[in-house]
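File shown: coords_17.txt. Contents: compact mmCIF, C-alpha atoms (C1' of nucleotides).
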# COMPACT_ATOMS: atom_id res chain seq x y z
CA MET A 1 1.27 0.73 -37.62
CA PRO A 2 2.45 2.06 -34.29
CA ARG A 3 0.42 1.25 -31.23
CA LYS A 4 0.18 4.05 -28.76
CA VAL A 5 -2.63 2.74 -26.64
CA ALA A 6 -2.75 4.47 -23.31
CA PHE A 7 -0.62 2.67 -20.77
CA ASP A 8 0.18 4.00 -17.34
CA MET A 9 3.84 4.86 -17.50
CA LEU A 10 4.13 5.69 -13.84
CA GLN A 11 2.63 2.41 -12.71
CA PHE A 12 4.82 0.61 -15.22
CA PHE A 13 8.08 1.99 -13.88
CA GLN A 14 6.97 1.58 -10.32
CA ALA A 15 6.31 -2.07 -11.06
CA LEU A 16 9.89 -2.40 -12.30
CA GLY A 17 11.29 -0.63 -9.27
CA ASP A 18 11.40 -3.57 -6.90
CA SER A 19 13.98 -6.34 -6.75
CA THR A 20 11.53 -9.13 -6.02
CA ARG A 21 9.40 -8.16 -9.00
CA LEU A 22 12.46 -8.00 -11.23
CA ARG A 23 13.38 -11.52 -10.15
CA LEU A 24 9.86 -12.70 -10.95
CA LEU A 25 9.92 -11.11 -14.39
CA ASN A 26 13.32 -12.61 -15.03
CA LEU A 27 12.04 -16.09 -14.21
CA MET A 28 9.09 -15.70 -16.53
CA GLY A 29 11.10 -14.46 -19.44
CA ASP A 30 9.12 -15.69 -22.39
CA GLN A 31 7.47 -18.64 -20.73
CA GLU A 32 4.60 -19.30 -18.40
CA VAL A 33 5.63 -20.21 -14.87
CA CYS A 34 3.64 -21.70 -12.01
CA VAL A 35 3.55 -19.80 -8.72
CA CYS A 36 4.96 -22.75 -6.82
CA TYR A 37 8.24 -22.39 -8.69
CA PHE A 38 8.52 -18.74 -7.77
CA VAL A 39 8.09 -19.64 -4.13
CA GLU A 40 10.68 -22.41 -4.30
CA ILE A 41 13.29 -20.51 -6.24
CA LEU A 42 13.07 -17.15 -4.53
CA GLY A 43 12.92 -18.90 -1.19
CA ALA A 44 10.40 -16.33 -0.05
CA PRO A 45 7.13 -16.81 1.79
CA GLN A 46 4.26 -17.55 -0.55
CA PRO A 47 2.13 -14.52 0.43
CA LYS A 48 5.00 -12.25 -0.47
CA ILE A 49 5.25 -13.78 -3.93
CA SER A 50 1.51 -13.54 -4.39
CA ARG A 51 1.43 -9.90 -3.43
CA HIS A 52 4.15 -9.00 -5.89
CA LEU A 53 2.45 -10.98 -8.63
CA ALA A 54 -0.74 -9.07 -7.90
CA TYR A 55 1.18 -5.83 -8.19
CA LEU A 56 2.55 -6.86 -11.57
CA ARG A 57 -0.93 -7.93 -12.66
CA ASN A 58 -2.41 -4.58 -11.68
CA SER A 59 0.29 -2.83 -13.64
CA GLY A 60 -0.64 -4.79 -16.74
CA VAL A 61 2.80 -6.38 -17.01
CA VAL A 62 1.77 -9.98 -16.44
CA SER A 63 -1.36 -12.06 -16.84
CA ALA A 64 -2.52 -15.08 -14.89
CA ARG A 65 -4.09 -18.32 -16.01
CA ARG A 66 -5.63 -20.89 -13.74
CA GLU A 67 -5.08 -24.61 -14.28
CA GLY A 68 -6.79 -26.54 -11.55
CA LYS A 69 -5.28 -25.42 -8.29
CA TRP A 70 -2.24 -24.00 -9.99
CA MET A 71 -1.81 -20.50 -11.27
CA HIS A 72 0.47 -19.74 -14.16
CA TYR A 73 1.89 -16.30 -14.76
CA ARG A 74 3.32 -14.93 -17.91
CA ILE A 75 4.60 -11.61 -19.12
CA VAL A 76 2.19 -9.77 -21.36
CA MET A 77 3.61 -7.23 -23.75
CA PRO A 78 2.11 -3.79 -23.18
CA PRO A 79 -0.16 -2.43 -25.94
CA HIS A 80 2.11 0.58 -26.25
CA ASP A 81 5.07 0.03 -28.54
CA GLY A 82 7.45 2.09 -26.46
CA ALA A 83 6.50 0.30 -23.28
CA ALA A 84 6.85 -3.07 -24.98
CA GLN A 85 10.32 -2.25 -26.16
CA ILE A 86 11.34 -1.05 -22.73
CA LEU A 87 10.09 -4.26 -21.22
CA ARG A 88 11.99 -6.39 -23.73
CA GLN A 89 15.11 -4.33 -23.16
CA THR A 90 14.71 -4.79 -19.44
CA LEU A 91 14.45 -8.56 -19.77
CA ASP A 92 17.61 -8.57 -21.84
CA TRP A 93 19.33 -6.45 -19.25
CA LEU A 94 18.34 -8.92 -16.54
CA LYS A 95 20.06 -11.68 -18.48
CA ASP A 96 23.40 -9.94 -17.93
CA ASP A 97 23.04 -10.19 -14.20
CA LYS A 98 24.77 -13.05 -12.40
CA ALA A 99 22.15 -13.45 -9.71
CA MET A 100 19.39 -13.48 -12.32
CA GLN A 101 21.23 -16.13 -14.32
CA ALA A 102 21.45 -18.23 -11.18
CA ASP A 103 17.72 -17.91 -10.63
CA ARG A 104 17.03 -19.07 -14.15
CA ALA A 105 19.41 -21.97 -13.78
CA ARG A 106 17.59 -23.10 -10.66
CA LEU A 107 14.31 -22.91 -12.52
CA THR A 108 15.64 -25.15 -15.24
CA LYS A 109 16.68 -27.78 -12.72
CA ALA A 110 13.68 -27.39 -10.45
CA CYS A 111 11.72 -30.34 -11.80
CA CYS A 112 14.43 -32.84 -10.88
CA SER A 113 15.94 -31.59 -7.68
CA PRO A 114 15.48 -34.10 -4.86
CA ALA A 115 14.40 -32.81 -1.49
CA LYS A 116 14.62 -29.06 -1.62
CA TYR A 117 12.25 -28.68 -4.49
CA ALA A 118 9.27 -30.65 -3.35
CA LEU A 119 7.17 -29.91 -6.35
CA ASP A 120 5.65 -33.30 -7.06
CA GLY A 121 3.07 -33.04 -9.71
CA ALA A 122 3.52 -29.33 -10.18
CA PRO A 123 3.20 -28.31 -13.79
CA VAL A 124 6.62 -28.07 -15.38
CA PRO A 125 7.18 -24.82 -17.25
CA THR A 126 6.65 -25.63 -20.91
CA ALA A 127 9.93 -24.19 -22.03
CA ILE A 128 12.00 -26.41 -19.79
CA SER A 129 10.07 -29.66 -19.97
CA GLY A 130 12.35 -32.33 -21.32
CA GLN A 131 15.41 -30.09 -21.13
CA CYS A 132 16.46 -31.06 -17.65
CA CYS A 133 16.83 -34.84 -17.68
CA GLU A 134 15.21 -38.10 -18.71
CA ALA A 135 12.74 -38.02 -15.84
CA CYS A 136 11.29 -34.71 -16.90
CA ALA A 137 8.19 -35.39 -18.86
CA MET B 1 31.27 -2.92 -28.88
CA PRO B 2 28.51 -3.30 -26.34
CA ARG B 3 28.83 -1.46 -23.10
CA LYS B 4 27.58 -3.38 -20.11
CA VAL B 5 29.11 -1.27 -17.40
CA ALA B 6 27.43 -1.92 -14.08
CA PHE B 7 24.49 0.36 -13.60
CA ASP B 8 22.00 0.05 -10.78
CA MET B 9 18.84 -1.12 -12.48
CA LEU B 10 16.72 -0.82 -9.38
CA GLN B 11 17.72 2.75 -8.69
CA PHE B 12 17.22 3.53 -12.35
CA PHE B 13 13.61 2.36 -12.46
CA GLN B 14 12.86 3.91 -9.11
CA ALA B 15 14.09 7.21 -10.49
CA LEU B 16 11.62 6.86 -13.37
CA GLY B 17 8.79 5.94 -11.03
CA ASP B 18 7.73 9.42 -10.01
CA SER B 19 5.63 11.87 -11.99
CA THR B 20 7.59 14.96 -11.03
CA ARG B 21 10.81 13.36 -12.14
CA LEU B 22 9.27 12.26 -15.41
CA ARG B 23 8.19 15.85 -16.03
CA LEU B 24 11.71 17.05 -15.33
CA LEU B 25 13.24 14.53 -17.69
CA ASN B 26 10.70 15.44 -20.35
CA LEU B 27 11.66 19.12 -20.08
CA MET B 28 15.33 18.32 -20.41
CA GLY B 29 14.92 16.11 -23.41
CA ASP B 30 18.20 16.58 -25.23
CA GLN B 31 19.01 20.04 -23.94
CA GLU B 32 20.40 21.61 -20.83
CA VAL B 33 17.83 23.42 -18.71
CA CYS B 34 18.23 25.86 -15.85
CA VAL B 35 16.58 25.02 -12.54
CA CYS B 36 14.61 28.26 -12.55
CA TYR B 37 12.65 27.08 -15.58
CA PHE B 38 11.70 23.83 -13.88
CA VAL B 39 10.34 25.80 -10.96
CA GLU B 40 8.37 28.15 -13.19
CA ILE B 41 6.95 25.54 -15.50
CA LEU B 42 6.06 22.86 -12.99
CA GLY B 43 4.64 25.52 -10.70
CA ALA B 44 6.09 23.63 -7.77
CA PRO B 45 8.05 24.93 -4.80
CA GLN B 46 11.74 25.21 -5.52
CA PRO B 47 12.90 22.82 -2.77
CA LYS B 48 10.72 20.14 -4.24
CA ILE B 49 12.32 20.56 -7.65
CA SER B 50 15.76 20.55 -6.11
CA ARG B 51 15.14 17.36 -4.21
CA HIS B 52 13.94 15.52 -7.28
CA LEU B 53 16.88 16.77 -9.29
CA ALA B 54 19.15 15.47 -6.55
CA TYR B 55 17.41 12.12 -6.77
CA LEU B 56 17.96 11.98 -10.50
CA ARG B 57 21.58 12.99 -10.02
CA ASN B 58 22.15 10.22 -7.48
CA SER B 59 20.63 7.73 -9.89
CA GLY B 60 23.09 8.77 -12.57
CA VAL B 61 20.37 9.89 -14.94
CA VAL B 62 21.24 13.58 -15.04
CA SER B 63 24.28 15.73 -14.47
CA ALA B 64 24.54 19.28 -13.21
CA ARG B 65 26.67 22.19 -14.34
CA ARG B 66 27.05 25.44 -12.50
CA GLU B 67 27.10 28.74 -14.32
CA GLY B 68 27.34 31.53 -11.83
CA LYS B 69 24.38 31.31 -9.56
CA TRP B 70 22.47 29.17 -12.01
CA MET B 71 22.50 25.41 -12.21
CA HIS B 72 21.92 23.64 -15.47
CA TYR B 73 20.74 20.08 -15.62
CA ARG B 74 20.95 17.71 -18.50
CA ILE B 75 20.21 14.08 -19.13
CA VAL B 76 23.27 11.87 -19.22
CA MET B 77 23.02 8.62 -21.09
CA PRO B 78 23.82 5.64 -18.85
CA PRO B 79 27.02 3.73 -19.58
CA HIS B 80 24.97 0.58 -20.03
CA ASP B 81 23.57 0.14 -23.53
CA GLY B 82 20.32 -1.38 -22.36
CA ALA B 83 19.73 1.36 -19.85
CA ALA B 84 20.52 4.01 -22.42
CA GLN B 85 18.02 2.58 -24.85
CA ILE B 86 15.37 2.37 -22.19
CA LEU B 87 15.95 5.99 -21.31
CA ARG B 88 15.71 7.09 -24.94
CA GLN B 89 12.57 5.03 -25.38
CA THR B 90 11.11 6.61 -22.27
CA LEU B 91 11.77 10.11 -23.54
CA ASP B 92 10.06 9.24 -26.80
CA TRP B 93 7.14 7.83 -24.88
CA LEU B 94 6.84 11.07 -22.91
CA LYS B 95 6.51 12.94 -26.18
CA ASP B 96 3.21 11.14 -26.85
CA ASP B 97 1.71 12.51 -23.68
CA LYS B 98 -0.48 15.60 -23.92
CA ALA B 99 0.49 17.01 -20.55
CA MET B 100 4.16 16.52 -21.34
CA GLN B 101 3.75 18.28 -24.67
CA ALA B 102 2.14 21.18 -22.84
CA ASP B 103 5.09 21.38 -20.47
CA ARG B 104 7.49 21.51 -23.37
CA ALA B 105 5.45 24.18 -25.10
CA ARG B 106 5.60 26.31 -21.98
CA LEU B 107 9.34 25.89 -21.86
CA THR B 108 9.68 27.10 -25.41
CA LYS B 109 7.72 30.24 -24.63
CA ALA B 110 9.18 30.79 -21.19
CA CYS B 111 11.75 33.38 -22.18
CA CYS B 112 9.13 35.79 -23.53
CA SER B 113 6.16 35.40 -21.28
CA PRO B 114 5.33 38.64 -19.49
CA ALA B 115 4.51 38.50 -15.81
CA LYS B 116 4.12 34.90 -14.87
CA TYR B 117 7.55 33.90 -16.00
CA ALA B 118 9.73 36.39 -14.20
CA LEU B 119 12.97 34.99 -15.43
CA ASP B 120 14.84 38.16 -16.36
CA GLY B 121 18.39 37.37 -17.10
CA ALA B 122 17.96 33.66 -16.57
CA PRO B 123 19.97 31.67 -19.08
CA VAL B 124 17.79 30.67 -21.99
CA PRO B 125 18.00 26.97 -22.81
CA THR B 126 20.32 26.70 -25.77
CA ALA B 127 17.96 24.70 -27.89
CA ILE B 128 15.20 27.29 -27.74
CA SER B 129 17.20 30.48 -27.89
CA GLY B 130 16.08 32.44 -30.91
CA GLN B 131 13.20 30.09 -31.60
CA CYS B 132 10.64 31.92 -29.53
CA CYS B 133 10.59 35.48 -30.83
CA GLU B 134 12.75 38.43 -31.82
CA ALA B 135 13.44 39.38 -28.24
CA CYS B 136 14.97 36.06 -27.41
CA ALA B 137 18.67 36.37 -27.67
C1' DA C 1 -18.85 -33.34 2.88
C1' DA C 2 -14.34 -33.14 4.80
C1' DA C 3 -9.65 -32.86 4.32
C1' DT C 4 -5.95 -31.16 1.64
C1' DC C 5 -3.34 -28.40 -1.38
C1' DA C 6 -2.23 -24.02 -4.02
C1' DT C 7 -2.89 -19.39 -4.08
C1' DA C 8 -4.83 -14.88 -2.59
C1' DT C 9 -6.04 -11.39 0.68
C1' DT C 10 -6.17 -8.97 5.11
C1' DC C 11 -4.12 -6.92 9.15
C1' DG C 12 -0.88 -4.56 11.94
C1' DT C 13 3.72 -2.84 11.79
C1' DC C 14 7.70 -0.68 10.01
C1' DA C 15 10.74 1.65 6.78
C1' DA C 16 11.16 4.40 2.62
C1' DA C 17 9.96 8.26 0.20
C1' DG C 18 7.27 12.53 -0.95
C1' DT C 19 5.98 17.06 0.90
C1' DG C 20 5.92 22.05 2.78
C1' DA C 21 8.25 25.15 5.76
C1' DA C 22 12.29 26.83 7.32
C1' DT C 23 17.06 27.33 6.82
C1' DA C 24 21.70 26.90 4.80
C1' DT C 25 25.00 27.52 1.01
C1' DA C 26 26.92 29.65 -2.99
C1' DT C 27 27.39 33.32 -6.18
C1' DC C 28 26.82 37.91 -7.80
C1' DC C 29 26.43 42.87 -7.33
C1' DA C 30 26.67 47.34 -5.04
C1' DT D 1 31.48 43.73 3.35
C1' DG D 2 26.56 43.45 3.02
C1' DG D 3 22.49 42.41 0.57
C1' DA D 4 20.14 40.03 -3.07
C1' DT D 5 19.42 35.99 -5.91
C1' DA D 6 19.57 30.99 -7.12
C1' DT D 7 19.85 26.59 -5.46
C1' DA D 8 20.44 22.96 -1.87
C1' DT D 9 19.58 20.80 2.48
C1' DT D 10 17.23 19.84 6.88
C1' DC D 11 13.22 18.90 9.71
C1' DA D 12 8.79 17.27 10.96
C1' DC D 13 4.86 15.18 9.04
C1' DT D 14 2.24 12.16 6.11
C1' DT D 15 1.73 8.68 2.76
C1' DT D 16 3.12 4.66 0.33
C1' DG D 17 4.63 0.34 0.08
C1' DA D 18 7.01 -3.89 1.77
C1' DC D 19 6.79 -7.30 5.25
C1' DG D 20 5.38 -11.50 8.36
C1' DA D 21 1.61 -13.74 10.38
C1' DA D 22 -2.80 -15.14 10.13
C1' DT D 23 -6.70 -16.14 7.49
C1' DA D 24 -9.65 -16.64 3.40
C1' DT D 25 -10.68 -18.51 -1.24
C1' DG D 26 -10.79 -21.91 -4.84
C1' DA D 27 -9.91 -26.43 -6.57
C1' DT D 28 -8.87 -31.33 -5.96
C1' DT D 29 -9.14 -35.73 -3.71
C1' DT D 30 -10.93 -39.11 -0.63

Please lay out the structure from this file as structure tokens.
Amino acid sequence: MPRKVAFDMLQFFQALGDSTRLRLLNLMGDQEVCVCYFVEILGAPQPKISRHLAYLRNSGVVSARREGKWMHYRIVMPPHDGAAQILRQTLDWLKDDKAMQADRARLTKACCSPAKYALDGAPVPTAISGQCCEACA
Amino acid sequence: MPRKVAFDMLQFFQALGDSTRLRLLNLMGDQEVCVCYFVEILGAPQPKISRHLAYLRNSGVVSARREGKWMHYRIVMPPHDGAAQILRQTLDWLKDDKAMQADRARLTKACCSPAKYALDGAPVPTAISGQCCEACA
DNA sequence: AAATCATATTCGTCAAAGTGAATATATCCA
DNA sequence: TGGATATATTCACTTTGACGAATATGATTT
């Protein structure tokens, strides 16, 4: 049965109307990602990332989970069917984009990169653990 | 075959991130509508309507056609499949909304309303001509 | 408890975007 | 040609939102 739970359309589209937030959503895709990866891969100051994540949270597009000192963010499908489909379609659209593909590639390799990605001990995104190299637990 | 013609995603979502523009898109739906109806039905100053229509035009979401002194606007499906689907989905979503339904109802009756809608001679939207009453040509 | 690390929030500033009022442009009609 | 009508654009103002820098919070480790 169709779900038409109220969902703020305006806030939803406004959340999608920013390039940093689109990059964040692209990195999440269908997996949970730790904030530290966002910071590393976007190469942006941490407060900026945090602010945009807060924006996405307030719009109901992502949810956060704490694990010790780390915060994991994931996309949460809106309770409205139409909104959910739009969000899925948007994520697919992002996959076409070269720059977005590059971001995702960097995320995949993040756990093994030497100096630049100083993420010792940071929780590896579940979906890429073991896909990068032998060293990736 | 899938069409992935470049289409500015950011501009697209920003165009959808304003309530006035959503109301305009909702009124257009799948028909061409004259600017004078937008002004009447939204009850907003004409320059405001014009500016938002210009914004939508610049985003590639609508196109304009002149007919004498009247301008008709219609939704134009983006050349990118994903964008097109999102736009269709958005229009469907708008249909769920009470306020949007009310707007559309007012559009349907606009050609026959007595004083408030002083639109003598204004071109009746094709899709509603003849559907309102006997007087509607 | 103190130091440290990851993340969030606040503050002041700046640019983008929405708005009303006034004005310009384009078309039609007399 | 001149006036009337429909629509578009400009201007000044205000609000919103993005930003960097600084600071606060929350959790871990020593």

Near chain B, 9 Å: chain D residue rows, closest pairs, only C-alpha atoms (C1' of nucleotides), as CSV:
residue,atom,partner,partner_atom,distance
D:DT5,C1',B:Lys69,CA,7.7
D:DA6,C1',B:Lys69,CA,5.4
D:DT7,C1',B:Ser50,CA,7.3
D:DA8,C1',B:Ser50,CA,6.8
D:DT9,C1',B:Pro47,CA,8.7

Would you give the centre and edge lengths, in Å to one decimal, of a box along x, y and z around the listed atoms of stretch 17-23 of chain B, with 4 Å added to each side, as lines of an AutoDock Vina configuration file?
center_x = 8.2
center_y = 10.9
center_z = -13.0
size_x = 13.2
size_y = 17.9
size_z = 14.0

Worksheet item: Need the neighbours of (18.8, 22.6, 8.9): which residues are at most 8 Å away, counting all atoms listed in the file, as number ranges by chain?
Response: C: 22-24; D: 9-11

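Atom CA of B:Gly60 sits 21.9 Å away from atom CA of A:Lys98.
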
Practice prompt. Kindly provide, as a ChimeraX atom specification, the residues of chain A having any atom no farther than 7 Å from an atom of chain B, counting all atoms listed in the file.
Written response: /A:10,13-14,16-19,82,86,89,93

Worksheet entry | Contacts of D:DT15 within 10 Å, all atoms listed in the file, excl. fewer than 5 positions in-chain, as a count of residues only | 3

Item to complete: Up to 9 Å from chain A, what residues of chain C turn up? Count only C-alpha atoms (C1' of nucleotides) and give them as JSON, numbers by chain.
Response: {"C": [5, 6, 7, 8, 9]}

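From atom CA of A:His52 back to atom CA of B:Asp8, the distance works out to 20.6 Å.
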
Discussion item. For D:DT30, find every residue with an atom within 12 Å (counting only C-alpha atoms (C1' of nucleotides)), except residues of its own chain fewer than 6 positions away, and show them as a count of residues only.
Written reply: 4

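The gap separating atom C1' of D:DC19 from atom CA of A:Arg74 is 24.6 Å, in Å to one decimal.
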
Item to complete: Just the residues within 10 Å of B:Pro45, please, counting only C-alpha atoms (C1' of nucleotides), with nothing from its chain fewer than 6 positions along; format it as a list in words.
Response: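 Answer for this query is Phe38 and Val39 of chain B; DT19 and DG20 of chain C.
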
Worksheet item: Any idea what's packed within 12 Å of A:Met28, counting only C-alpha atoms (C1' of nucleotides), ignoring anything in its chain fewer than 2 positions away? Could you give it as a PyMOL selection string?
Response: chain A and resi 21-26+30-35+37-38+53+61-64+72-76+91+94-95+100+103-104+107-108+125-128

Discussion item. Calculated over only C-alpha atoms, which of the candidates A:Leu27, A:Val5, A:Asn58, A:Glu40 has the smallest distance to A:Ala99?
Written reply: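 Closest candidate: A:Leu27.
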
Item to complete: Identify which of the residues B:Glu67, B:Thr20, B:Gly43, B:Ala105 lies closest to B:Tyr55, counting all atoms listed in the file when measuring atom-to-atom distances.
Response: B:Thr20

Item to complete: Find the residues around C:DG12 up to 12 Å (all atoms listed in the file counted), leave out those fewer than 3 positions away in its own chain, and share them as a ChimeraX atom specification.
Response: /D:19-22
